[in-house]
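Below is the file coords37.txt, which contains compact mmCIF, C-alpha atoms.
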# COMPACT_ATOMS: atom_id res chain seq x y z
CA MET A 260 93.85 92.11 123.11
CA SER A 261 90.70 90.77 121.40
CA VAL A 262 87.12 91.89 121.03
CA PHE A 263 85.77 88.34 121.53
CA SER A 264 85.83 85.95 124.50
CA ASN A 265 85.57 82.76 122.39
CA PRO A 266 89.12 81.34 122.17
CA ARG A 267 88.99 80.65 118.42
CA LEU A 268 87.50 84.01 117.57
CA ALA A 269 89.92 85.64 119.97
CA ARG A 270 92.88 84.27 118.00
CA LEU A 271 91.45 85.65 114.77
CA THR A 272 90.56 89.05 116.18
CA ARG A 273 93.41 89.70 118.58
CA VAL A 274 95.59 92.76 118.20
CA GLU A 275 99.26 92.31 119.02
CA ALA A 276 101.07 95.53 119.94
CA THR A 277 104.46 96.23 118.41
CA THR A 278 107.71 96.60 120.34
CA PRO A 279 110.57 99.06 119.75
CA GLU A 280 112.47 96.27 117.94
CA HIS A 281 109.61 95.56 115.53
CA THR A 282 110.55 95.21 111.84
CA VAL A 283 108.64 95.08 108.56
CA THR A 284 106.44 91.99 108.19
CA PRO A 285 105.97 89.85 105.04
CA LEU A 286 102.32 90.92 104.85
CA GLU A 287 103.36 94.57 104.63
CA LEU A 288 105.71 93.65 101.79
CA PHE A 289 102.82 91.86 100.09
CA PHE A 290 100.72 95.00 100.48
CA ASP A 291 103.56 96.92 98.85
CA LEU A 292 103.46 94.62 95.82
CA VAL A 293 99.95 95.83 95.04
CA PHE A 294 101.13 99.39 95.61
CA VAL A 295 103.86 98.73 93.00
CA PHE A 296 101.21 97.68 90.51
CA ALA A 297 99.20 100.80 91.31
CA ILE A 298 102.08 103.21 90.72
CA THR A 299 102.92 101.34 87.51
CA GLN A 300 99.37 102.10 86.43
CA VAL A 301 99.92 105.78 87.28
CA THR A 302 102.95 105.90 84.98
CA ALA A 303 100.90 104.20 82.25
CA LEU A 304 98.10 106.75 82.72
CA MET A 305 100.49 109.66 82.24
CA ALA A 306 102.28 108.02 79.32
CA HIS A 307 99.00 107.33 77.52
CA GLU A 308 97.93 110.98 77.74
CA LEU A 309 101.27 112.74 77.51
CA GLY A 310 100.68 116.38 78.38
CA TRP A 311 100.11 118.64 81.36
CA ARG A 312 96.60 117.32 81.91
CA GLY A 313 97.83 113.73 82.05
CA ALA A 314 100.71 114.72 84.34
CA LEU A 315 98.29 116.46 86.71
CA ARG A 316 95.91 113.51 86.73
CA GLY A 317 98.79 111.17 87.49
CA LEU A 318 99.87 113.36 90.40
CA VAL A 319 96.33 113.38 91.82
CA VAL A 320 96.05 109.59 91.74
CA LEU A 321 99.57 109.14 93.12
CA ALA A 322 98.75 111.47 96.03
CA LEU A 323 95.62 109.46 96.79
CA LEU A 324 97.61 106.21 96.72
CA TRP A 325 100.34 107.67 98.90
CA TRP A 326 97.95 108.68 101.67
CA ALA A 327 96.39 105.22 101.63
CA TRP A 328 99.82 103.57 101.88
CA CYS A 329 100.94 105.91 104.68
CA SER A 330 97.82 105.08 106.69
CA TYR A 331 98.84 101.44 106.94
CA ALA A 332 102.48 102.30 107.62
CA TRP A 333 101.29 104.06 110.78
CA LEU A 334 98.87 101.24 111.65
CA GLY A 335 101.61 98.62 111.21
CA ASN A 336 103.74 100.56 113.68
CA GLN A 337 100.97 100.46 116.29
CA ALA A 338 100.08 96.77 115.93
CA ARG A 339 101.60 93.84 114.06
CA ALA A 340 100.23 93.70 110.52
CA ASP A 341 100.54 89.92 110.27
CA GLU A 342 98.52 88.96 113.35
CA GLY A 343 94.81 88.65 114.11
CA LEU A 344 92.44 91.46 113.22
CA VAL A 345 95.07 93.69 111.65
CA ARG A 346 96.03 90.91 109.27
CA THR A 347 92.41 90.59 108.16
CA GLY A 348 92.19 94.33 107.69
CA MET A 349 95.42 94.38 105.67
CA ILE A 350 94.14 91.67 103.35
CA ILE A 351 90.87 93.56 102.80
CA ALA A 352 92.84 96.76 102.16
CA THR A 353 95.12 94.91 99.72
CA THR A 354 92.08 93.67 97.82
CA ALA A 355 90.54 97.14 97.68
CA LEU A 356 93.87 98.65 96.61
CA LEU A 357 94.02 96.17 93.73
CA LEU A 358 90.62 97.45 92.55
CA VAL A 359 91.95 101.00 92.80
CA ALA A 360 94.93 100.03 90.64
CA LEU A 361 92.72 98.34 88.03
CA ALA A 362 90.58 101.48 87.78
CA ILE A 363 93.44 103.96 87.34
CA PRO A 364 93.86 103.79 83.52
CA GLU A 365 90.15 104.62 82.99
CA ALA A 366 89.69 106.93 85.97
CA TRP A 367 89.10 109.85 83.57
CA ASN A 368 87.60 107.91 80.67
CA ASP A 369 85.51 110.57 78.94
CA HIS A 370 84.45 108.12 76.24
CA ALA A 371 83.37 105.12 78.30
CA GLU A 372 80.64 102.98 76.81
CA GLU A 373 77.37 102.44 78.66
CA HIS A 374 78.07 98.83 79.61
CA HIS A 375 81.46 99.69 81.15
CA LEU A 376 81.95 100.16 84.86
CA ASN A 377 82.41 103.69 86.11
CA ALA A 378 86.12 103.32 86.83
CA ALA A 379 86.31 106.63 88.70
CA LEU A 380 83.50 105.59 91.02
CA LEU A 381 85.11 102.19 91.58
CA LEU A 382 88.40 103.92 92.44
CA ALA A 383 86.70 106.31 94.88
CA ALA A 384 84.65 103.58 96.55
CA ALA A 385 87.57 101.14 96.87
CA LEU A 386 89.76 103.90 98.26
CA GLY A 387 87.02 104.66 100.76
CA VAL A 388 87.15 101.03 101.91
CA VAL A 389 90.93 101.29 102.33
CA ARG A 390 90.78 104.49 104.37
CA MET A 391 87.74 103.76 106.53
CA GLY A 392 88.91 100.20 107.15
CA HIS A 393 92.19 101.63 108.38
CA LEU A 394 90.47 103.97 110.86
CA THR A 395 88.20 101.18 112.13
CA ILE A 396 91.04 98.75 112.82
CA TYR A 397 93.21 101.50 114.25
CA TRP A 398 90.39 102.34 116.68
CA ILE A 399 90.37 98.75 117.93
CA ALA A 400 94.17 98.60 118.04
CA ALA A 401 94.20 101.78 120.15
CA GLY A 402 92.62 99.81 122.99
CA GLU A 403 92.21 101.95 126.12
CA ASP A 404 94.41 104.75 124.78
CA SER A 405 91.89 107.60 124.91
CA GLY A 406 94.33 110.13 123.45
CA LEU A 407 94.90 108.01 120.36
CA ARG A 408 91.16 107.35 119.97
CA HIS A 409 90.42 111.08 120.10
CA GLN A 410 93.11 111.57 117.44
CA LEU A 411 91.38 109.00 115.25
CA LEU A 412 88.03 110.73 115.66
CA ARG A 413 89.55 114.05 114.60
CA THR A 414 91.25 112.35 111.67
CA ALA A 415 88.00 110.74 110.51
CA VAL A 416 86.50 114.16 109.70
CA PRO A 417 88.83 115.11 106.81
CA VAL A 418 89.01 111.49 105.65
CA MET A 419 85.23 111.19 105.29
CA ALA A 420 84.98 114.64 103.71
CA ALA A 421 87.63 113.65 101.16
CA ILE A 422 85.81 110.41 100.32
CA VAL A 423 82.56 112.31 99.71
CA LEU A 424 84.40 114.69 97.38
CA LEU A 425 86.00 111.77 95.52
CA VAL A 426 82.64 110.10 94.99
CA ALA A 427 81.03 113.37 93.88
CA GLY A 428 83.84 113.98 91.41
CA ALA A 429 83.53 110.45 90.04
CA LEU A 430 79.80 110.90 89.47
CA ILE A 431 80.18 114.29 87.77
CA GLY A 432 83.24 113.43 85.67
CA GLY A 433 85.17 115.65 83.28
CA ALA A 434 87.06 118.72 84.42
CA TRP A 435 84.97 118.93 87.59
CA GLN A 436 86.23 115.49 88.59
CA THR A 437 89.80 116.80 88.59
CA VAL A 438 88.78 119.91 90.53
CA LEU A 439 86.86 117.99 93.18
CA TRP A 440 89.61 115.39 93.55
CA LEU A 441 92.16 118.16 94.02
CA VAL A 442 89.92 119.69 96.70
CA ALA A 443 89.64 116.24 98.31
CA LEU A 444 93.43 116.02 98.46
CA ALA A 445 93.68 119.48 99.99
CA VAL A 446 91.08 118.59 102.62
CA ASP A 447 92.76 115.26 103.39
CA TYR A 448 96.37 116.41 103.56
CA THR A 449 95.66 119.70 105.35
CA GLY A 450 92.93 118.32 107.61
CA ILE A 451 95.03 115.46 108.94
CA TYR A 452 97.93 117.82 109.64
CA LEU A 453 95.64 120.18 111.54
CA ALA A 454 93.96 117.30 113.38
CA GLY A 455 96.95 117.10 115.68
CA SER A 456 99.86 114.78 116.42
CA ASP A 457 98.58 112.63 119.27
CA TRP A 458 99.66 109.46 117.49
CA ARG A 459 102.03 106.75 118.72
CA LEU A 460 105.27 105.57 117.12
CA PRO A 461 106.67 102.77 119.29
CA ALA A 462 108.96 101.30 116.59
CA PRO A 463 110.95 104.03 114.80
CA GLY A 464 113.15 101.48 113.02
CA HIS A 465 110.10 99.85 111.46
CA PHE A 466 108.75 103.22 110.31
CA ALA A 467 112.04 104.26 108.68
CA GLU A 468 112.39 100.83 107.07
CA ARG A 469 108.88 100.99 105.60
CA HIS A 470 109.62 104.30 103.89
CA GLY A 471 113.04 103.21 102.72
CA LEU A 472 111.47 100.20 101.06
CA ILE A 473 108.88 102.34 99.29
CA VAL A 474 111.65 104.56 97.88
CA LEU A 475 113.36 101.40 96.66
CA ILE A 476 110.12 100.21 95.07
CA ALA A 477 109.69 103.51 93.25
CA LEU A 478 113.24 103.30 91.91
CA GLY A 479 112.44 99.80 90.69
CA GLU A 480 109.47 101.24 88.81
CA SER A 481 111.87 103.61 87.03
CA LEU A 482 113.91 100.67 85.81
CA VAL A 483 110.78 98.82 84.73
CA ALA A 484 109.74 101.92 82.75
CA ILE A 485 112.82 101.52 80.54
CA GLY A 486 111.66 98.04 79.56
CA VAL A 487 108.11 99.27 79.00
CA GLY A 488 109.40 102.00 76.71
CA ILE A 489 111.36 99.47 74.68
CA ASN A 490 108.57 96.88 74.64
CA ASP A 491 109.23 94.59 71.63
CA LEU A 492 111.38 97.06 69.67
CA PRO A 493 114.77 95.80 68.39
CA LEU A 494 117.88 96.19 70.53
CA SER A 495 120.48 98.70 69.34
CA VAL A 496 123.67 100.40 70.55
CA PRO A 497 121.89 103.70 71.35
CA LEU A 498 119.24 101.76 73.26
CA VAL A 499 121.86 99.97 75.37
CA GLY A 500 123.48 103.34 76.05
CA MET A 501 120.11 104.77 77.06
CA ALA A 502 119.48 101.87 79.46
CA LEU A 503 122.91 102.32 81.08
CA LEU A 504 122.36 106.07 81.50
CA GLY A 505 118.95 105.39 83.05
CA LEU A 506 120.53 102.89 85.41
CA ALA A 507 123.22 105.43 86.34
CA ILE A 508 120.53 107.93 87.36
CA CYS A 509 118.69 105.33 89.43
CA VAL A 510 121.92 104.25 91.14
CA ALA A 511 122.73 107.89 91.95
CA LEU A 512 119.27 108.44 93.42
CA TRP A 513 119.54 105.19 95.38
CA TRP A 514 122.96 106.25 96.68
CA SER A 515 121.67 109.70 97.65
CA TYR A 516 119.11 108.11 99.97
CA PHE A 517 120.54 104.84 101.21
CA ASP A 518 124.26 105.59 101.55
CA VAL A 519 123.98 107.74 104.69
CA VAL A 520 120.77 109.81 104.59
CA ALA A 521 118.47 106.95 105.59
CA THR A 522 120.78 105.97 108.46
CA VAL A 523 121.08 109.53 109.81
CA ALA A 524 117.33 110.12 109.63
CA GLU A 525 116.56 106.85 111.39
CA ASN A 526 119.02 107.69 114.17
CA VAL A 527 117.42 111.10 114.65
CA LEU A 528 113.99 109.46 114.79
CA HIS A 529 115.21 106.96 117.40
CA LYS A 530 116.53 109.74 119.61
CA ALA A 531 113.29 111.74 119.53
CA THR A 532 110.57 110.85 122.04
CA GLY A 533 106.84 111.34 122.53
CA ASN A 534 105.10 113.92 120.36
CA ASP A 535 108.44 115.18 119.07
CA ARG A 536 109.04 111.78 117.49
CA VAL A 537 105.51 111.68 116.07
CA ARG A 538 105.81 115.13 114.51
CA LEU A 539 109.23 114.31 113.12
CA ALA A 540 107.89 111.09 111.58
CA ARG A 541 104.88 112.92 110.15
CA ASP A 542 106.94 115.71 108.60
CA SER A 543 110.02 113.77 107.48
CA TYR A 544 108.36 110.60 106.26
CA THR A 545 104.62 111.00 105.69
CA TYR A 546 104.86 114.42 104.02
CA LEU A 547 108.42 114.84 102.71
CA HIS A 548 108.72 111.33 101.28
CA PHE A 549 105.78 111.98 98.98
CA PRO A 550 107.69 114.43 96.71
CA MET A 551 110.58 111.95 96.72
CA VAL A 552 108.34 109.17 95.44
CA ALA A 553 106.48 111.50 93.06
CA GLY A 554 109.77 112.74 91.62
CA ILE A 555 110.89 109.16 90.97
CA ILE A 556 107.58 108.30 89.26
CA TYR A 557 107.90 111.33 86.97
CA LEU A 558 111.46 110.24 86.26
CA ALA A 559 110.03 106.84 85.28
CA LEU A 560 107.75 108.59 82.79
CA GLY A 561 110.70 110.50 81.35
CA LEU A 562 112.81 107.33 81.06
CA GLN A 563 109.97 105.49 79.34
CA LYS A 564 109.63 108.25 76.76
CA VAL A 565 113.39 108.46 76.13
CA ALA A 566 113.42 104.70 75.56
CA GLU A 567 110.60 105.05 73.03
CA TYR A 568 112.39 107.86 71.20
CA VAL A 569 115.66 105.92 71.01
CA ALA A 570 114.21 102.50 70.18
CA ASP A 571 111.40 103.42 67.78
CA THR A 572 113.50 104.43 64.76
CA GLU A 573 110.43 104.19 62.51
CA HIS A 574 108.83 107.25 64.11
CA HIS A 575 111.85 109.02 65.69
CA THR A 576 115.46 109.85 64.92
CA LEU A 577 118.27 110.23 67.43
CA SER A 578 118.15 114.00 66.89
CA ASP A 579 114.49 114.33 67.92
CA PRO A 580 114.01 116.34 71.14
CA LEU A 581 111.70 115.08 73.87
CA ALA A 582 108.17 116.42 74.08
CA THR A 583 107.79 119.18 76.67
CA THR A 584 106.05 117.04 79.29
CA ALA A 585 108.54 114.18 78.92
CA ARG A 586 111.47 116.60 79.23
CA TRP A 587 110.07 118.13 82.41
CA ALA A 588 109.24 114.68 83.77
CA LEU A 589 112.90 113.70 83.32
CA PHE A 590 114.63 116.81 84.65
CA GLY A 591 111.87 118.03 86.96
CA GLY A 592 111.31 114.59 88.47
CA ILE A 593 114.94 114.30 89.57
CA ALA A 594 114.96 117.93 90.78
CA VAL A 595 111.84 117.43 92.90
CA TYR A 596 113.40 114.31 94.41
CA LEU A 597 116.51 116.28 95.38
CA LEU A 598 114.50 119.24 96.69
CA ALA A 599 112.57 116.82 98.92
CA HIS A 600 115.94 115.59 100.20
CA LEU A 601 116.83 119.17 101.10
CA GLY A 602 113.62 119.47 103.11
CA PHE A 603 114.21 116.05 104.67
CA ARG A 604 117.70 117.03 105.84
CA TYR A 605 116.60 120.43 107.08
CA ARG A 606 113.75 118.89 109.11
CA ASN A 607 116.12 116.36 110.68
CA LEU A 608 119.37 118.30 111.07
CA GLY A 609 118.49 121.95 110.47
CA THR A 610 121.15 122.24 107.72
CA VAL A 611 121.17 122.37 103.91
CA ASN A 612 123.19 120.26 101.47
CA LEU A 613 124.43 122.88 99.00
CA GLY A 614 125.63 120.30 96.49
CA ARG A 615 122.16 118.87 96.09
CA ALA A 616 120.65 122.35 95.90
CA VAL A 617 123.03 123.21 93.04
CA ALA A 618 122.24 119.93 91.26
CA ALA A 619 118.49 120.55 91.56
CA GLY A 620 118.95 124.06 90.18
CA LEU A 621 120.98 122.80 87.21
CA LEU A 622 118.33 120.21 86.43
CA LEU A 623 115.54 122.80 86.49
CA VAL A 624 117.49 125.21 84.30
CA THR A 625 118.32 122.47 81.81
CA GLY A 626 114.69 121.39 81.71
CA ALA A 627 113.67 124.98 80.97
CA VAL A 628 116.18 125.76 78.24
CA GLY A 629 116.85 122.28 76.82
CA PHE A 630 113.83 122.11 74.51
CA ALA A 631 116.08 121.39 71.48
CA LEU A 632 118.17 118.68 73.16
CA PRO A 633 117.92 115.23 71.54
CA ALA A 634 116.33 112.71 73.87
CA LEU A 635 119.51 110.70 74.42
CA ALA A 636 121.58 113.87 75.02
CA ALA A 637 119.02 115.12 77.56
CA LEU A 638 119.27 111.83 79.41
CA GLY A 639 123.07 111.99 79.31
CA ILE A 640 123.09 115.49 80.83
CA ALA A 641 120.69 114.46 83.59
CA ALA A 642 122.86 111.44 84.38
CA ALA A 643 126.02 113.54 84.40
CA ILE A 644 124.55 116.04 86.88
CA VAL A 645 123.52 113.45 89.48
CA VAL A 646 126.62 111.26 89.06
CA VAL A 647 128.92 114.27 89.53
CA MET A 648 126.84 115.28 92.56
CA ILE A 649 127.35 111.87 94.17
CA ALA A 650 131.05 111.80 93.27
CA TYR A 651 131.48 115.22 94.90
CA GLU A 652 129.74 114.04 98.07
CA VAL A 653 131.83 110.87 98.24
CA VAL A 654 135.05 112.89 98.15
CA ARG A 655 133.91 115.96 100.10
CA TYR A 656 132.32 114.06 102.99
CA ALA A 657 134.50 110.96 102.99
CA ASP A 658 135.31 111.08 106.72
CA ALA A 659 131.74 111.89 107.78
CA ARG A 660 130.35 109.11 105.58
CA ALA A 661 132.78 106.59 107.02
CA ALA A 662 131.88 107.60 110.57
CA ILE A 663 128.15 107.33 109.94
CA ARG A 664 128.42 104.00 108.19
CA HIS A 665 130.47 102.64 111.10
CA HIS A 666 127.98 103.96 113.67
CA GLN A 667 130.21 106.74 114.96
CA THR A 668 129.45 110.42 115.46
CA PRO A 669 130.65 112.36 112.39
CA ALA A 670 132.54 115.62 112.78
CA GLU A 671 130.56 117.06 109.85
CA PRO A 672 127.17 115.80 108.67
CA THR A 673 126.75 114.95 105.02
Turn this file's structure into structure tokens for me.
Amino acid sequence: MSVFSNPRLARLTRVEATTPEHTVTPLELFFDLVFVFAITQVTALMAHELGWRGALRGLVVLALLWWAWCSYAWLGNQARADEGLVRTGMIIATTALLLVALAIPEAWNDHAEEHHLNAALLLAAALGVVRMGHLTIYWIAAGEDSGLRHQLLRTAVPVMAAIVLLVAGALIGGAWQTVLWLVALAVDYTGIYLAGSDWRLPAPGHFAERHGLIVLIALGESLVAIGVGINDLPLSVPLVGMALLGLAICVALWWSYFDVVATVAENVLHKATGNDRVRLARDSYTYLHFPMVAGIIYLALGLQKVAEYVADTEHHTLSDPLATTARWALFGGIAVYLLAHLGFRYRNLGTVNLGRAVAAGLLLVTGAVGFALPALAALGIAAAIVVVMIAYEVVRYADARAAIRHHQTPAEPT
């Protein structure tokens, strides 16, 4: 399908529909690279202003980025992202997302000089390009599908309202910027949910793969955070131990998602049809994957701060406890990730994994009472909790895991 009759223009503006066997394209992976840079900037923003205000600001920006990324995950499931008009739109969105990422560190710069750009306004405007460009291309990709076009029109209302609030907040600045951006998020997230579920999801495998890759990218950011925390500080035995403990946590979180959970969820999505599939994708992936990714990004902040405490012997000793925000980022980040897994499983299977619920509870309790724990000890406890959790699952659900991984029907779900 193309909007032009000229053969050359038609090739550039055609929209190629996806098939059920469609997989992730290289252009989508390229788009994700810019998203990686953006979430790295979020971690840097929170690390620079370590405290509850910085943590809240980081969450706001991450939520804005997530909704932008999700928009193109849905679009790439409707039409190939690497062909014709959608490819052009993806490149424009990638460019705008890069500007968003560049603006993140100064998005709340209360001391900006007169000759500096208004970073908050640049972020809001570039994000507006990303979101409105998505709706425009999606409208064309919808073709003669009147139901999908009506869904896009309903969706445009909260999207445009959110953009107006973002711009207003950027112009006002200060505490009101945070308030208005939070309201924008509430309008966007709630409005799109209430706008209905008359979307299309022709390629469930592609959709599950896109979200699995973004979880993997977030885990990679956690590992990068260890290196950022070390920077050019000298290598030591405690630092090597810290890096190995951080890696153990990341491996456990990777295992908790990719060992069987991702496979089970994708199978459930494949079996669903019509609006049931759309609603399942919306709830399980668009909404419930956000706390997974957010939890990992807060973990990255915690790992970065532990690395600084362990490596910077000039300003810290091994007995120094983590600052409150860093401690909660470490324990709370992992707990939120696991709690999102509980919701993910319940939405897909209607059951609860008690082991992960217990692990999340232990992490939250430790975060609350562990204010005197040395940084390295806190990291060791967090690692022990998630490693024991995975070890328990490997033994307890050995038969079910084997059946799932060999594409059989398990007698008991993990």
**OP:** Using all atoms listed in the file, pick whichever of A:Glu480, A:Asp341, A:Asp535, A:Glu525 has the shortest atom-to-atom distance to Tyr557 of chain A.
**Re:** A:Glu480
Subject >> Interatomic distance (Å, one decimal) between atom CA of His575 of chain A and atom CA of His307 of chain A >> reply: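 Separation of atom CA of His575 of chain A and atom CA of His307 of chain A: 17.5 Å.
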Subject >> Gly592 of chain A surroundings by all atoms listed in the file, 10 Å radius, close-in-sequence under 2 positions cut, as a count of residues only >> reply: 26
Mind running segment 507-614 of chain A against segment 646-660 of chain A at 10 Å and telling me each contacting residue's nearest atom pair with the distance in Å (one decimal), counting all atoms listed in the file, chain and number ascending, as CSV?
residue,atom,partner,partner_atom,distance
A:Ala507,CA,A:Val646,CA,7.3
A:Ile508,CA,A:Val646,CA,7.1
A:Cys509,CA,A:Val646,CA,9.9
A:Val510,CA,A:Val646,CA,8.7
A:Ala511,CA,A:Val646,CA,5.9
A:Leu512,CA,A:Ile649,CA,8.8
A:Trp514,CA,A:Ile649,CA,7.6
A:Ser515,CA,A:Ile649,CA,7.0
A:Asp518,CA,A:Arg660,CA,8.1
A:Val519,CA,A:Arg660,CA,6.6
A:Val520,CA,A:Arg660,CA,9.7
A:Asn612,CA,A:Glu652,CA,9.7
A:Gly614,CA,A:Met648,CA,6.5
**OP:** Using atom CA of Pro633 of chain A and atom CA of Asp579 of chain A as the two end points, give the distance in Å to one decimal.
**Re:** 5.1 Å
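Across A:Ile351, A:Ile485, A:Ala502, A:Leu361, the tightest approach to Val389 of chain A is made by A:Ile351 when counting only C-alpha atoms.
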Assuming the input is short of atoms at segment 583-609 of chain A, produce N, CA and C atoms for that part as a PDB file, in the frame of the given file.
ATOM      1  N   THR A 583     107.634 118.308  75.506  1.00  0.00           N
ATOM      2  CA  THR A 583     107.790 119.180  76.670  1.00  0.00           C
ATOM      3  C   THR A 583     107.514 118.452  77.983  1.00  0.00           C
ATOM      4  N   THR A 584     106.404 117.724  78.045  1.00  0.00           N
ATOM      5  CA  THR A 584     106.050 117.040  79.290  1.00  0.00           C
ATOM      6  C   THR A 584     107.064 115.976  79.651  1.00  0.00           C
ATOM      7  N   ALA A 585     107.545 115.224  78.657  1.00  0.00           N
ATOM      8  CA  ALA A 585     108.540 114.180  78.920  1.00  0.00           C
ATOM      9  C   ALA A 585     109.845 114.794  79.393  1.00  0.00           C
ATOM     10  N   ARG A 586     110.233 115.947  78.812  1.00  0.00           N
ATOM     11  CA  ARG A 586     111.470 116.600  79.230  1.00  0.00           C
ATOM     12  C   ARG A 586     111.375 117.075  80.681  1.00  0.00           C
ATOM     13  N   TRP A 587     110.243 117.674  81.035  1.00  0.00           N
ATOM     14  CA  TRP A 587     110.070 118.130  82.410  1.00  0.00           C
ATOM     15  C   TRP A 587     109.933 116.953  83.372  1.00  0.00           C
ATOM     16  N   ALA A 588     109.328 115.862  82.913  1.00  0.00           N
ATOM     17  CA  ALA A 588     109.240 114.680  83.770  1.00  0.00           C
ATOM     18  C   ALA A 588     110.632 114.164  84.110  1.00  0.00           C
ATOM     19  N   LEU A 589     111.522 114.180  83.111  1.00  0.00           N
ATOM     20  CA  LEU A 589     112.900 113.700  83.320  1.00  0.00           C
ATOM     21  C   LEU A 589     113.669 114.624  84.250  1.00  0.00           C
ATOM     22  N   PHE A 590     113.830 115.888  83.861  1.00  0.00           N
ATOM     23  CA  PHE A 590     114.630 116.810  84.650  1.00  0.00           C
ATOM     24  C   PHE A 590     113.908 117.253  85.932  1.00  0.00           C
ATOM     25  N   GLY A 591     112.630 117.568  85.799  1.00  0.00           N
ATOM     26  CA  GLY A 591     111.870 118.030  86.960  1.00  0.00           C
ATOM     27  C   GLY A 591     111.670 116.940  87.989  1.00  0.00           C
ATOM     28  N   GLY A 592     111.493 115.693  87.534  1.00  0.00           N
ATOM     29  CA  GLY A 592     111.310 114.590  88.470  1.00  0.00           C
ATOM     30  C   GLY A 592     112.519 114.418  89.378  1.00  0.00           C
ATOM     31  N   ILE A 593     113.722 114.440  88.775  1.00  0.00           N
ATOM     32  CA  ILE A 593     114.940 114.300  89.570  1.00  0.00           C
ATOM     33  C   ILE A 593     115.101 115.508  90.491  1.00  0.00           C
ATOM     34  N   ALA A 594     114.810 116.709  89.973  1.00  0.00           N
ATOM     35  CA  ALA A 594     114.960 117.930  90.780  1.00  0.00           C
ATOM     36  C   ALA A 594     114.028 117.910  91.982  1.00  0.00           C
ATOM     37  N   VAL A 595     112.783 117.499  91.786  1.00  0.00           N
ATOM     38  CA  VAL A 595     111.840 117.430  92.900  1.00  0.00           C
ATOM     39  C   VAL A 595     112.320 116.422  93.945  1.00  0.00           C
ATOM     40  N   TYR A 596     112.846 115.308  93.498  1.00  0.00           N
ATOM     41  CA  TYR A 596     113.400 114.310  94.410  1.00  0.00           C
ATOM     42  C   TYR A 596     114.498 114.922  95.271  1.00  0.00           C
ATOM     43  N   LEU A 597     115.406 115.669  94.638  1.00  0.00           N
ATOM     44  CA  LEU A 597     116.510 116.280  95.380  1.00  0.00           C
ATOM     45  C   LEU A 597     116.026 117.398  96.298  1.00  0.00           C
ATOM     46  N   LEU A 598     115.051 118.176  95.849  1.00  0.00           N
ATOM     47  CA  LEU A 598     114.500 119.240  96.690  1.00  0.00           C
ATOM     48  C   LEU A 598     113.831 118.648  97.932  1.00  0.00           C
ATOM     49  N   ALA A 599     113.169 117.504  97.758  1.00  0.00           N
ATOM     50  CA  ALA A 599     112.570 116.820  98.920  1.00  0.00           C
ATOM     51  C   ALA A 599     113.661 116.370  99.884  1.00  0.00           C
ATOM     52  N   HIS A 600     114.811 115.952  99.345  1.00  0.00           N
ATOM     53  CA  HIS A 600     115.940 115.590 100.200  1.00  0.00           C
ATOM     54  C   HIS A 600     116.417 116.784 101.014  1.00  0.00           C
ATOM     55  N   LEU A 601     116.421 117.965 100.373  1.00  0.00           N
ATOM     56  CA  LEU A 601     116.830 119.170 101.100  1.00  0.00           C
ATOM     57  C   LEU A 601     115.896 119.420 102.284  1.00  0.00           C
ATOM     58  N   GLY A 602     114.586 119.299 102.028  1.00  0.00           N
ATOM     59  CA  GLY A 602     113.620 119.470 103.110  1.00  0.00           C
ATOM     60  C   GLY A 602     113.764 118.400 104.173  1.00  0.00           C
ATOM     61  N   PHE A 603     114.036 117.180 103.755  1.00  0.00           N
ATOM     62  CA  PHE A 603     114.210 116.050 104.670  1.00  0.00           C
ATOM     63  C   PHE A 603     115.396 116.301 105.600  1.00  0.00           C
ATOM     64  N   ARG A 604     116.516 116.744 105.030  1.00  0.00           N
ATOM     65  CA  ARG A 604     117.700 117.030 105.840  1.00  0.00           C
ATOM     66  C   ARG A 604     117.455 118.207 106.773  1.00  0.00           C
ATOM     67  N   TYR A 605     116.821 119.250 106.243  1.00  0.00           N
ATOM     68  CA  TYR A 605     116.600 120.430 107.080  1.00  0.00           C
ATOM     69  C   TYR A 605     115.687 120.096 108.259  1.00  0.00           C
ATOM     70  N   ARG A 606     114.668 119.262 108.023  1.00  0.00           N
ATOM     71  CA  ARG A 606     113.750 118.890 109.110  1.00  0.00           C
ATOM     72  C   ARG A 606     114.465 118.050 110.157  1.00  0.00           C
ATOM     73  N   ASN A 607     115.436 117.243 109.732  1.00  0.00           N
ATOM     74  CA  ASN A 607     116.120 116.360 110.680  1.00  0.00           C
ATOM     75  C   ASN A 607     117.340 116.991 111.332  1.00  0.00           C
ATOM     76  N   LEU A 608     118.110 117.779 110.570  1.00  0.00           N
ATOM     77  CA  LEU A 608     119.370 118.300 111.070  1.00  0.00           C
ATOM     78  C   LEU A 608     119.423 119.818 111.129  1.00  0.00           C
ATOM     79  N   GLY A 609     118.483 120.492 110.478  1.00  0.00           N
ATOM     80  CA  GLY A 609     118.490 121.950 110.470  1.00  0.00           C
ATOM     81  C   GLY A 609     119.563 122.545 109.573  1.00  0.00           C
TER      82      GLY A 609
END
